>>> print(open('input23.cif').read())   # mmCIF, C-alpha atoms
data_input
loop_
_atom_site.group_PDB
_atom_site.id
_atom_site.type_symbol
_atom_site.label_atom_id
_atom_site.label_comp_id
_atom_site.auth_asym_id
_atom_site.auth_seq_id
_atom_site.Cartn_x
_atom_site.Cartn_y
_atom_site.Cartn_z
ATOM 1 C CA MET A 1 -16.171 -34.516 -27.903
ATOM 2 C CA MET A 2 -15.548 -34.495 -24.143
ATOM 3 C CA THR A 3 -17.525 -37.071 -22.217
ATOM 4 C CA ALA A 4 -18.852 -36.704 -18.697
ATOM 5 C CA VAL A 5 -16.002 -38.879 -17.423
ATOM 6 C CA ASP A 6 -13.390 -36.676 -19.134
ATOM 7 C CA ALA A 7 -15.009 -33.545 -17.712
ATOM 8 C CA ALA A 8 -14.959 -35.042 -14.224
ATOM 9 C CA GLN A 9 -11.263 -35.869 -14.565
ATOM 10 C CA VAL A 10 -10.463 -32.329 -15.713
ATOM 11 C CA PHE A 11 -12.429 -30.944 -12.788
ATOM 12 C CA ARG A 12 -10.597 -33.193 -10.319
ATOM 13 C CA ARG A 13 -7.192 -32.192 -11.708
ATOM 14 C CA ALA A 14 -8.092 -28.507 -11.516
ATOM 15 C CA ARG A 15 -9.340 -28.902 -7.955
ATOM 16 C CA ALA A 16 -6.147 -30.738 -7.017
ATOM 17 C CA ARG A 17 -4.048 -27.871 -8.334
ATOM 18 C CA LEU A 18 -6.077 -25.327 -6.378
ATOM 19 C CA THR A 19 -6.099 -27.311 -3.144
ATOM 20 C CA LEU A 20 -3.680 -25.969 -0.577
ATOM 21 C CA ALA A 21 -0.923 -28.214 0.674
ATOM 22 C CA PRO A 22 -1.403 -29.422 4.281
ATOM 23 C CA ASN A 23 1.418 -27.175 5.507
ATOM 24 C CA ASP A 24 0.577 -24.155 3.346
ATOM 25 C CA LEU A 25 0.741 -20.842 5.202
ATOM 26 C CA LEU A 26 -2.698 -19.874 3.945
ATOM 27 C CA ARG A 27 -4.147 -22.658 6.081
ATOM 28 C CA ASP A 28 -3.152 -20.601 9.108
ATOM 29 C CA ALA A 29 -6.209 -18.503 9.964
ATOM 30 C CA VAL A 30 -4.223 -15.513 11.273
ATOM 31 C CA TYR A 31 -1.899 -15.302 8.291
ATOM 32 C CA ARG A 32 -4.822 -15.871 5.908
ATOM 33 C CA ARG A 33 -6.581 -12.796 7.300
ATOM 34 C CA LEU A 34 -3.388 -10.785 6.922
ATOM 35 C CA TRP A 35 -2.968 -11.976 3.321
ATOM 36 C CA ILE A 36 -6.570 -11.166 2.365
ATOM 37 C CA SER A 37 -6.131 -7.723 3.917
ATOM 38 C CA ILE A 38 -2.986 -7.121 1.848
ATOM 39 C CA LEU A 39 -4.760 -8.236 -1.336
ATOM 40 C CA THR A 40 -7.736 -5.969 -0.634
ATOM 41 C CA ALA A 41 -5.621 -2.914 0.186
ATOM 42 C CA SER A 42 -3.418 -3.510 -2.880
ATOM 43 C CA PHE A 43 -6.424 -3.335 -5.185
ATOM 44 C CA GLY A 44 -7.417 -0.062 -3.550
ATOM 45 C CA ALA A 45 -3.904 1.314 -3.973
ATOM 46 C CA GLN A 46 -4.114 0.679 -7.727
ATOM 47 C CA VAL A 47 -7.242 2.829 -7.884
ATOM 48 C CA THR A 48 -5.587 5.693 -6.026
ATOM 49 C CA MET A 49 -2.391 5.456 -8.076
ATOM 50 C CA LEU A 50 -4.431 6.213 -11.198
ATOM 51 C CA ALA A 51 -7.366 8.256 -9.909
ATOM 52 C CA LEU A 52 -5.478 10.821 -7.809
ATOM 53 C CA PRO A 53 -3.194 12.164 -10.582
ATOM 54 C CA LEU A 54 -6.078 11.919 -13.053
ATOM 55 C CA THR A 55 -8.153 14.119 -10.784
ATOM 56 C CA ALA A 56 -5.361 16.694 -10.793
ATOM 57 C CA ALA A 57 -4.690 16.504 -14.530
ATOM 58 C CA VAL A 58 -8.254 16.356 -15.858
ATOM 59 C CA LEU A 59 -10.444 18.158 -13.324
ATOM 60 C CA LEU A 60 -7.996 20.733 -11.970
ATOM 61 C CA HIS A 61 -5.983 21.100 -15.210
ATOM 62 C CA ALA A 62 -2.717 20.810 -13.288
ATOM 63 C CA THR A 63 0.455 21.955 -14.997
ATOM 64 C CA PRO A 64 3.408 19.561 -15.349
ATOM 65 C CA THR A 65 5.085 21.366 -12.449
ATOM 66 C CA GLN A 66 2.038 20.918 -10.240
ATOM 67 C CA MET A 67 1.862 17.245 -11.180
ATOM 68 C CA GLY A 68 5.517 16.895 -10.220
ATOM 69 C CA ILE A 69 4.892 18.581 -6.869
ATOM 70 C CA LEU A 70 1.947 16.258 -6.204
ATOM 71 C CA THR A 71 4.147 13.250 -6.887
ATOM 72 C CA ALA A 72 6.943 14.650 -4.722
ATOM 73 C CA MET A 73 4.536 15.187 -1.824
ATOM 74 C CA GLU A 74 3.794 11.458 -1.852
ATOM 75 C CA ILE A 75 7.490 10.509 -1.813
ATOM 76 C CA VAL A 76 8.987 13.094 0.563
ATOM 77 C CA PRO A 77 7.551 11.445 3.728
ATOM 78 C CA PHE A 78 9.544 8.283 2.998
ATOM 79 C CA VAL A 79 12.733 10.358 3.059
ATOM 80 C CA LEU A 80 11.787 12.415 6.107
ATOM 81 C CA PHE A 81 10.068 9.911 8.378
ATOM 82 C CA SER A 82 11.383 6.418 7.632
ATOM 83 C CA LEU A 83 14.035 6.448 10.344
ATOM 84 C CA PRO A 84 12.041 8.388 12.999
ATOM 85 C CA SER A 85 9.027 6.130 12.497
ATOM 86 C CA GLY A 86 11.222 3.063 13.014
ATOM 87 C CA VAL A 87 12.458 4.423 16.339
ATOM 88 C CA TRP A 88 8.905 5.294 17.386
ATOM 89 C CA LEU A 89 7.570 1.866 16.407
ATOM 90 C CA ASP A 90 10.033 0.266 18.830
ATOM 91 C CA ARG A 91 8.050 1.933 21.626
ATOM 92 C CA VAL A 92 4.467 1.056 20.656
ATOM 93 C CA ARG A 93 2.299 -1.870 19.570
ATOM 94 C CA LYS A 94 2.507 -2.287 15.815
ATOM 95 C CA LEU A 95 -0.866 -3.798 14.921
ATOM 96 C CA PRO A 96 -2.925 -0.765 16.042
ATOM 97 C CA VAL A 97 -0.603 1.509 14.043
ATOM 98 C CA TYR A 98 -1.182 -0.685 10.997
ATOM 99 C CA VAL A 99 -4.958 -0.869 11.428
ATOM 100 C CA TYR A 100 -5.646 2.756 12.315
ATOM 101 C CA GLY A 101 -3.212 3.876 9.635
ATOM 102 C CA GLU A 102 -5.427 2.261 7.007
ATOM 103 C CA PHE A 103 -8.532 3.838 8.549
ATOM 104 C CA PHE A 104 -6.814 7.235 8.441
ATOM 105 C CA VAL A 105 -5.754 6.842 4.809
ATOM 106 C CA ALA A 106 -9.303 5.812 3.887
ATOM 107 C CA THR A 107 -10.676 8.968 5.546
ATOM 108 C CA THR A 108 -8.052 11.159 3.866
ATOM 109 C CA ILE A 109 -8.779 9.751 0.419
ATOM 110 C CA ALA A 110 -12.534 10.166 0.939
ATOM 111 C CA THR A 111 -12.044 13.922 1.421
ATOM 112 C CA VAL A 112 -11.116 14.279 -2.264
ATOM 113 C CA PRO A 113 -14.534 13.338 -3.725
ATOM 114 C CA LEU A 114 -16.179 15.241 -0.859
ATOM 115 C CA ALA A 115 -14.231 18.405 -1.692
ATOM 116 C CA TRP A 116 -14.985 17.887 -5.397
ATOM 117 C CA TRP A 117 -18.696 17.504 -4.680
ATOM 118 C CA MET A 118 -18.624 20.728 -2.626
ATOM 119 C CA ASP A 119 -16.690 22.481 -5.431
ATOM 120 C CA ARG A 120 -13.799 23.101 -3.011
ATOM 121 C CA LEU A 121 -11.182 20.822 -4.492
ATOM 122 C CA THR A 122 -7.811 22.504 -5.128
ATOM 123 C CA MET A 123 -4.285 21.414 -5.976
ATOM 124 C CA GLU A 124 -3.178 22.564 -2.533
ATOM 125 C CA TRP A 125 -5.564 20.101 -0.931
ATOM 126 C CA LEU A 126 -4.310 17.318 -3.193
ATOM 127 C CA TYR A 127 -0.775 18.161 -2.022
ATOM 128 C CA VAL A 128 -1.925 17.745 1.592
ATOM 129 C CA VAL A 129 -3.665 14.458 0.759
ATOM 130 C CA GLY A 130 -0.588 13.121 -1.016
ATOM 131 C CA PHE A 131 1.673 14.108 1.880
ATOM 132 C CA LEU A 132 -0.622 12.542 4.497
ATOM 133 C CA ILE A 133 -0.927 9.300 2.519
ATOM 134 C CA GLY A 134 2.838 9.090 2.138
ATOM 135 C CA THR A 135 3.376 9.802 5.837
ATOM 136 C CA VAL A 136 0.943 7.143 7.015
ATOM 137 C CA TYR A 137 2.242 4.562 4.541
ATOM 138 C CA THR A 138 5.779 5.219 5.789
ATOM 139 C CA THR A 139 4.786 4.415 9.362
ATOM 140 C CA ALA A 140 1.981 1.896 8.875
ATOM 141 C CA GLY A 141 3.929 0.123 6.140
ATOM 142 C CA SER A 142 6.837 -0.407 8.510
ATOM 143 C CA ALA A 143 4.419 -1.595 11.181
ATOM 144 C CA ALA A 144 2.939 -4.088 8.694
ATOM 145 C CA GLN A 145 6.360 -5.607 8.061
ATOM 146 C CA ILE A 146 6.878 -6.070 11.797
ATOM 147 C CA VAL A 147 3.378 -7.546 12.267
ATOM 148 C CA LEU A 148 4.250 -10.137 9.632
ATOM 149 C CA THR A 149 7.233 -11.282 11.707
ATOM 150 C CA GLN A 150 4.908 -11.679 14.697
ATOM 151 C CA VAL A 151 2.419 -13.778 12.737
ATOM 152 C CA VAL A 152 4.797 -16.003 10.774
ATOM 153 C CA PRO A 153 7.705 -18.002 12.251
ATOM 154 C CA ARG A 154 11.137 -16.774 11.227
ATOM 155 C CA GLU A 155 11.879 -19.888 9.156
ATOM 156 C CA ARG A 156 8.777 -19.256 6.999
ATOM 157 C CA LEU A 157 9.213 -15.538 6.391
ATOM 158 C CA VAL A 158 10.562 -16.099 2.873
ATOM 159 C CA GLU A 159 7.416 -18.044 1.990
ATOM 160 C CA ALA A 160 5.233 -15.359 3.580
ATOM 161 C CA HIS A 161 6.940 -12.557 1.647
ATOM 162 C CA ALA A 162 6.530 -14.555 -1.569
ATOM 163 C CA LYS A 163 2.796 -14.980 -0.943
ATOM 164 C CA ASN A 164 2.454 -11.294 -0.063
ATOM 165 C CA ALA A 165 4.247 -10.418 -3.296
ATOM 166 C CA LEU A 166 1.790 -12.655 -5.139
ATOM 167 C CA ALA A 167 -1.115 -10.705 -3.622
ATOM 168 C CA SER A 168 0.463 -7.375 -4.604
ATOM 169 C CA SER A 169 1.327 -8.617 -8.106
ATOM 170 C CA THR A 170 -2.221 -9.870 -8.629
ATOM 171 C CA ALA A 171 -3.515 -6.402 -7.759
ATOM 172 C CA GLU A 172 -0.936 -4.769 -10.044
ATOM 173 C CA VAL A 173 -2.072 -6.926 -12.966
ATOM 174 C CA ALA A 174 -5.842 -6.820 -12.467
ATOM 175 C CA GLY A 175 -6.139 -3.565 -10.521
ATOM 176 C CA PRO A 176 -5.438 -1.006 -13.284
ATOM 177 C CA GLY A 177 -8.064 -2.550 -15.562
ATOM 178 C CA ALA A 178 -10.636 -2.535 -12.775
ATOM 179 C CA ALA A 179 -9.626 1.030 -11.888
ATOM 180 C CA GLY A 180 -10.071 2.095 -15.507
ATOM 181 C CA VAL A 181 -13.573 0.629 -15.649
ATOM 182 C CA LEU A 182 -14.456 2.248 -12.326
ATOM 183 C CA ILE A 183 -13.132 5.635 -13.453
ATOM 184 C CA LYS A 184 -15.075 5.354 -16.719
ATOM 185 C CA ILE A 185 -18.300 4.613 -14.849
ATOM 186 C CA ALA A 186 -17.994 6.994 -11.873
ATOM 187 C CA GLY A 187 -15.186 9.415 -12.704
ATOM 188 C CA ALA A 188 -11.801 9.766 -11.032
ATOM 189 C CA PRO A 189 -12.911 11.503 -7.796
ATOM 190 C CA LEU A 190 -15.709 9.059 -7.057
ATOM 191 C CA ALA A 191 -13.440 6.146 -7.929
ATOM 192 C CA LEU A 192 -11.349 7.186 -4.935
ATOM 193 C CA LEU A 193 -14.311 6.267 -2.742
ATOM 194 C CA ALA A 194 -13.792 2.674 -3.857
ATOM 195 C CA ASP A 195 -10.250 2.776 -2.497
ATOM 196 C CA ALA A 196 -11.517 4.248 0.777
ATOM 197 C CA VAL A 197 -14.046 1.409 1.066
ATOM 198 C CA LEU A 198 -11.415 -1.233 0.268
ATOM 199 C CA LEU A 199 -9.069 0.210 2.893
ATOM 200 C CA ILE A 200 -11.845 0.158 5.485
ATOM 201 C CA VAL A 201 -12.560 -3.468 4.605
ATOM 202 C CA SER A 202 -8.834 -4.261 4.855
ATOM 203 C CA ALA A 203 -8.527 -2.582 8.254
ATOM 204 C CA THR A 204 -11.689 -4.297 9.490
ATOM 205 C CA ILE A 205 -10.231 -7.683 8.548
ATOM 206 C CA LEU A 206 -7.159 -6.883 10.641
ATOM 207 C CA ARG A 207 -9.042 -5.729 13.715
ATOM 208 C CA GLY A 208 -8.904 -8.293 16.472
ATOM 209 C CA LEU A 209 -6.056 -10.172 14.805
ATOM 210 C CA ARG A 210 -4.304 -12.235 17.455
ATOM 211 C CA VAL A 211 -0.602 -11.455 17.445
ATOM 212 C CA GLN A 212 1.934 -11.501 20.228
ATOM 213 C CA GLU A 213 3.202 -7.948 20.258
ATOM 214 C CA ARG A 214 6.785 -7.475 21.361
ATOM 215 C CA VAL A 215 7.486 -3.973 22.646
ATOM 216 C CA ASP A 216 11.002 -3.036 23.746
ATOM 217 C CA PRO A 217 10.737 -2.454 27.524
ATOM 218 C CA VAL A 218 13.926 -0.365 27.466
ATOM 219 C CA ARG A 219 13.147 3.258 26.732
ATOM 220 C CA HIS A 220 16.272 4.669 25.088
ATOM 221 C CA PRO A 221 16.180 8.423 24.438
ATOM 222 C CA PHE A 222 14.610 9.079 21.030
ATOM 223 C CA TRP A 223 17.313 11.133 19.302
ATOM 224 C CA PRO A 224 20.295 9.018 20.409
ATOM 225 C CA ALA A 225 18.394 5.928 19.260
ATOM 226 C CA MET A 226 17.759 7.533 15.877
ATOM 227 C CA ARG A 227 21.411 8.505 15.495
ATOM 228 C CA GLU A 228 22.382 4.942 16.363
ATOM 229 C CA GLY A 229 20.076 3.641 13.652
ATOM 230 C CA LEU A 230 21.440 6.115 11.127
ATOM 231 C CA ASP A 231 25.021 5.140 11.965
ATOM 232 C CA PHE A 232 24.098 1.467 11.547
ATOM 233 C CA VAL A 233 22.633 2.089 8.082
ATOM 234 C CA ARG A 234 25.572 4.229 6.996
ATOM 235 C CA GLY A 235 27.986 1.572 8.190
ATOM 236 C CA ASN A 236 26.328 -1.154 6.113
ATOM 237 C CA ARG A 237 27.164 -0.762 2.429
ATOM 238 C CA LEU A 238 24.422 -3.175 1.361
ATOM 239 C CA LEU A 239 21.703 -1.187 3.149
ATOM 240 C CA VAL A 240 22.962 2.076 1.645
ATOM 241 C CA THR A 241 22.980 0.538 -1.833
ATOM 242 C CA MET A 242 19.479 -0.864 -1.385
ATOM 243 C CA ALA A 243 18.175 2.493 -0.115
ATOM 244 C CA ILE A 244 19.634 4.317 -3.117
ATOM 245 C CA ALA A 245 18.306 1.712 -5.556
ATOM 246 C CA VAL A 246 14.797 1.819 -4.084
ATOM 247 C CA GLY A 247 14.843 5.627 -4.055
ATOM 248 C CA ILE A 248 15.828 5.802 -7.721
ATOM 249 C CA TRP A 249 13.237 3.194 -8.658
ATOM 250 C CA GLN A 250 10.475 5.071 -6.822
ATOM 251 C CA MET A 251 11.475 8.363 -8.439
ATOM 252 C CA CYS A 252 11.511 6.859 -11.943
ATOM 253 C CA GLN A 253 8.240 5.001 -11.450
ATOM 254 C CA HIS A 254 6.348 8.069 -10.261
ATOM 255 C CA ALA A 255 7.921 10.302 -12.901
ATOM 256 C CA ALA A 256 6.902 7.841 -15.615
ATOM 257 C CA LEU A 257 3.331 7.748 -14.299
ATOM 258 C CA VAL A 258 3.060 11.557 -14.346
ATOM 259 C CA VAL A 259 4.446 11.791 -17.882
ATOM 260 C CA GLN A 260 2.179 8.958 -19.050
ATOM 261 C CA ILE A 261 -0.972 10.620 -17.711
ATOM 262 C CA LEU A 262 -0.118 14.060 -19.118
ATOM 263 C CA PHE A 263 0.903 12.676 -22.506
ATOM 264 C CA ALA A 264 -2.143 10.415 -22.786
ATOM 265 C CA THR A 265 -4.714 13.023 -21.749
ATOM 266 C CA ARG A 266 -3.290 16.150 -23.391
ATOM 267 C CA VAL A 267 -1.361 14.940 -26.418
ATOM 268 C CA LEU A 268 -3.159 11.759 -27.427
ATOM 269 C CA GLY A 269 -6.532 12.818 -26.069
ATOM 270 C CA LEU A 270 -7.245 9.386 -24.633
ATOM 271 C CA PRO A 271 -10.269 8.904 -22.346
ATOM 272 C CA ASN A 272 -9.551 8.274 -18.683
ATOM 273 C CA ALA A 273 -10.466 4.606 -18.838
ATOM 274 C CA ALA A 274 -7.909 3.990 -21.595
ATOM 275 C CA LEU A 275 -5.035 4.902 -19.251
ATOM 276 C CA ALA A 276 -5.421 1.650 -17.322
#
>>> encode(input="input23.cif", output="structure tokens")
Amino acid sequence: MMTAVDAAQVFRRARARLTLAPNDLLRDAVYRRLWISILTASFGAQVTMLALPLTAAVLLHATPTQMGILTAMEIVPFVLFSLPSGVWLDRVRKLPVYVYGEFFVATTIATVPLAWWMDRLTMEWLYVVGFLIGTVYTTAGSAAQIVLTQVVPRERLVEAHAKNALASSTAEVAGPGAAGVLIKIAGAPLALLADAVLLIVSATILRGLRVQERVDPVRHPFWPAMREGLDFVRGNRLLVTMAIAVGIWQMCQHAALVVQILFATRVLGLPNAALA
């Protein structure tokens, strides 16, 4: 039987493990806000990843082709706008793009339950929502990567990326279960409101973040700058290989999700919450 002394020792050891090291990045108030924002938004993304295709499959009875189109509409912006958004971001402050991008995505996602409540929800509108989300994530996601370099010193970027990956992985592990419970309680469309709220919270955390924005004072013409960037990528075999690998991974991941949802709901007859 554990005595009070043993319990106190266990508590002290547990507290020691959870205590941050004196030089831990999370002790930096600016980075800590950024990290909490990433964790919050990642949980919301898990809800959308499950609730949006479920809304199409269950409420709108989307065909496999329509489900494929919905998935493609979320991916196409990464192909179309990655390079142009990089050139544009060189000319503007990145933090506002990041913050207002999350506000915009939250508003876009909130239109789905609103349209459902008004009995106006269609697959065409879901296509628009998917395309807008993908477009904003392409631009705001790039801005977020740049903001990180302005918050964290170069020599600690590896540590920062590792901690950010930990936040995303935590959401990937716990998020689907929470999304399943939320969908079971409120239904897929209303569950999307939770993501909208989480994104608003995430963006609110970022507002007023003190970063030293570095904007290129030289205004190169847009299209020549984009061609220069494209030539640089094409001339670097590693970047081309990484782009192809990421593209294939994204395609396979989204295709697997679509097949999983259709198979689970229409062949196995599983309830929505069981898909998490």
>>> resolve_selection(input="input23.cif", expression="the PyMOL selection byres ((chain A and resi 135-150) around 9)", output="number ranges by chain")
A: 31, 34, 74-78, 80-82, 85-86, 89, 93-102, 104-105, 130-134, 151-154, 157, 160-161, 211-214
>>> closest_residue(input="input23.cif", among="A:Arg91, A:His61, A:Arg207, A:Lys163", to="Thr122 of chain A", atoms="only C-alpha atoms")
A:His61
>>> resolve_selection(input="input23.cif", expression="the PyMOL selection byres ((chain A and resi 172) around 12)", output="mmCIF file with C-alpha atoms, in the coordinates of the input")
data_model
loop_
_atom_site.group_PDB
_atom_site.id
_atom_site.type_symbol
_atom_site.label_atom_id
_atom_site.label_comp_id
_atom_site.auth_asym_id
_atom_site.auth_seq_id
_atom_site.Cartn_x
_atom_site.Cartn_y
_atom_site.Cartn_z
ATOM 1 C CA LEU A 39 -4.760 -8.236 -1.336
ATOM 2 C CA THR A 40 -7.736 -5.969 -0.634
ATOM 3 C CA ALA A 41 -5.621 -2.914 0.186
ATOM 4 C CA SER A 42 -3.418 -3.510 -2.880
ATOM 5 C CA PHE A 43 -6.424 -3.335 -5.185
ATOM 6 C CA GLY A 44 -7.417 -0.062 -3.550
ATOM 7 C CA ALA A 45 -3.904 1.314 -3.973
ATOM 8 C CA GLN A 46 -4.114 0.679 -7.727
ATOM 9 C CA VAL A 47 -7.242 2.829 -7.884
ATOM 10 C CA MET A 49 -2.391 5.456 -8.076
ATOM 11 C CA LEU A 50 -4.431 6.213 -11.198
ATOM 12 C CA ALA A 165 4.247 -10.418 -3.296
ATOM 13 C CA LEU A 166 1.790 -12.655 -5.139
ATOM 14 C CA ALA A 167 -1.115 -10.705 -3.622
ATOM 15 C CA SER A 168 0.463 -7.375 -4.604
ATOM 16 C CA SER A 169 1.327 -8.617 -8.106
ATOM 17 C CA THR A 170 -2.221 -9.870 -8.629
ATOM 18 C CA ALA A 171 -3.515 -6.402 -7.759
ATOM 19 C CA VAL A 173 -2.072 -6.926 -12.966
ATOM 20 C CA ALA A 174 -5.842 -6.820 -12.467
ATOM 21 C CA GLY A 175 -6.139 -3.565 -10.521
ATOM 22 C CA PRO A 176 -5.438 -1.006 -13.284
ATOM 23 C CA GLY A 177 -8.064 -2.550 -15.562
ATOM 24 C CA ALA A 178 -10.636 -2.535 -12.775
ATOM 25 C CA ALA A 179 -9.626 1.030 -11.888
ATOM 26 C CA ALA A 276 -5.421 1.650 -17.322
#
>>> atom_distance(input="input23.cif", atom1="atom CA of Gly229 of chain A", atom2="atom CA of Thr71 of chain A")
27.7 Å
>>> closest_residue(input="input23.cif", among="A:Val158, A:Ala188, A:Leu193, A:Val79", to="Ala243 of chain A", atoms="only C-alpha atoms")
A:Val79
>>> atom_distance(input="input23.cif", atom1="atom CA of Leu59 of chain A", atom2="atom CA of Val197 of chain A")
22.4 Å
>>> residues_around(input="input23.cif", residues="segment 250-266 of chain A", least_positions_apart="4", cutoff="12 Å", atoms="all atoms listed in the file", output="PyMOL selection string")
chain A and resi 49-59+61-76+78-79+243-246+270-276
>>> build_atoms(input="input23.cif", residues="segment 239-253 of chain A", atoms="N, CA, C and O atoms", output="short mmCIF file (atom, residue, chain, number, x, y, z; two decimals), in the coordinates of the input")
data_model
loop_
_atom_site.label_atom_id
_atom_site.label_comp_id
_atom_site.auth_asym_id
_atom_site.auth_seq_id
_atom_site.Cartn_x
_atom_site.Cartn_y
_atom_site.Cartn_z
N LEU A 239 22.91 -1.96 2.85
CA LEU A 239 21.70 -1.19 3.15
C LEU A 239 21.70 0.15 2.43
O LEU A 239 20.67 0.60 1.92
N VAL A 240 22.87 0.80 2.36
CA VAL A 240 22.96 2.08 1.64
C VAL A 240 22.66 1.87 0.17
O VAL A 240 21.91 2.65 -0.45
N THR A 241 23.22 0.82 -0.42
CA THR A 241 22.98 0.54 -1.83
C THR A 241 21.51 0.25 -2.10
O THR A 241 20.92 0.74 -3.07
N MET A 242 20.90 -0.55 -1.21
CA MET A 242 19.48 -0.86 -1.38
C MET A 242 18.62 0.39 -1.25
O MET A 242 17.66 0.56 -2.01
N ALA A 243 18.95 1.26 -0.30
CA ALA A 243 18.18 2.49 -0.12
C ALA A 243 18.26 3.38 -1.35
O ALA A 243 17.26 3.95 -1.81
N ILE A 244 19.46 3.50 -1.91
CA ILE A 244 19.63 4.32 -3.12
C ILE A 244 18.88 3.71 -4.29
O ILE A 244 18.20 4.42 -5.05
N ALA A 245 18.98 2.39 -4.44
CA ALA A 245 18.31 1.71 -5.56
C ALA A 245 16.79 1.87 -5.47
O ALA A 245 16.12 2.17 -6.47
N VAL A 246 16.25 1.68 -4.26
CA VAL A 246 14.80 1.82 -4.08
C VAL A 246 14.37 3.26 -4.32
O VAL A 246 13.33 3.52 -4.95
N GLY A 247 15.17 4.22 -3.85
CA GLY A 247 14.84 5.63 -4.06
C GLY A 247 14.81 5.98 -5.53
O GLY A 247 13.89 6.68 -6.00
N ILE A 248 15.79 5.52 -6.28
CA ILE A 248 15.83 5.80 -7.72
C ILE A 248 14.65 5.14 -8.42
O ILE A 248 14.00 5.74 -9.30
N TRP A 249 14.36 3.90 -8.04
CA TRP A 249 13.24 3.19 -8.66
C TRP A 249 11.92 3.92 -8.39
O TRP A 249 11.10 4.09 -9.31
N GLN A 250 11.71 4.35 -7.15
CA GLN A 250 10.48 5.07 -6.82
C GLN A 250 10.37 6.37 -7.62
O GLN A 250 9.30 6.72 -8.14
N MET A 251 11.49 7.09 -7.71
CA MET A 251 11.48 8.36 -8.44
C MET A 251 11.14 8.14 -9.91
O MET A 251 10.30 8.84 -10.49
N CYS A 252 11.76 7.14 -10.52
CA CYS A 252 11.51 6.86 -11.94
C CYS A 252 10.08 6.37 -12.18
O CYS A 252 9.43 6.77 -13.16
N GLN A 253 9.59 5.52 -11.28
CA GLN A 253 8.24 5.00 -11.45
C GLN A 253 7.21 6.11 -11.39
O GLN A 253 6.30 6.19 -12.24
#
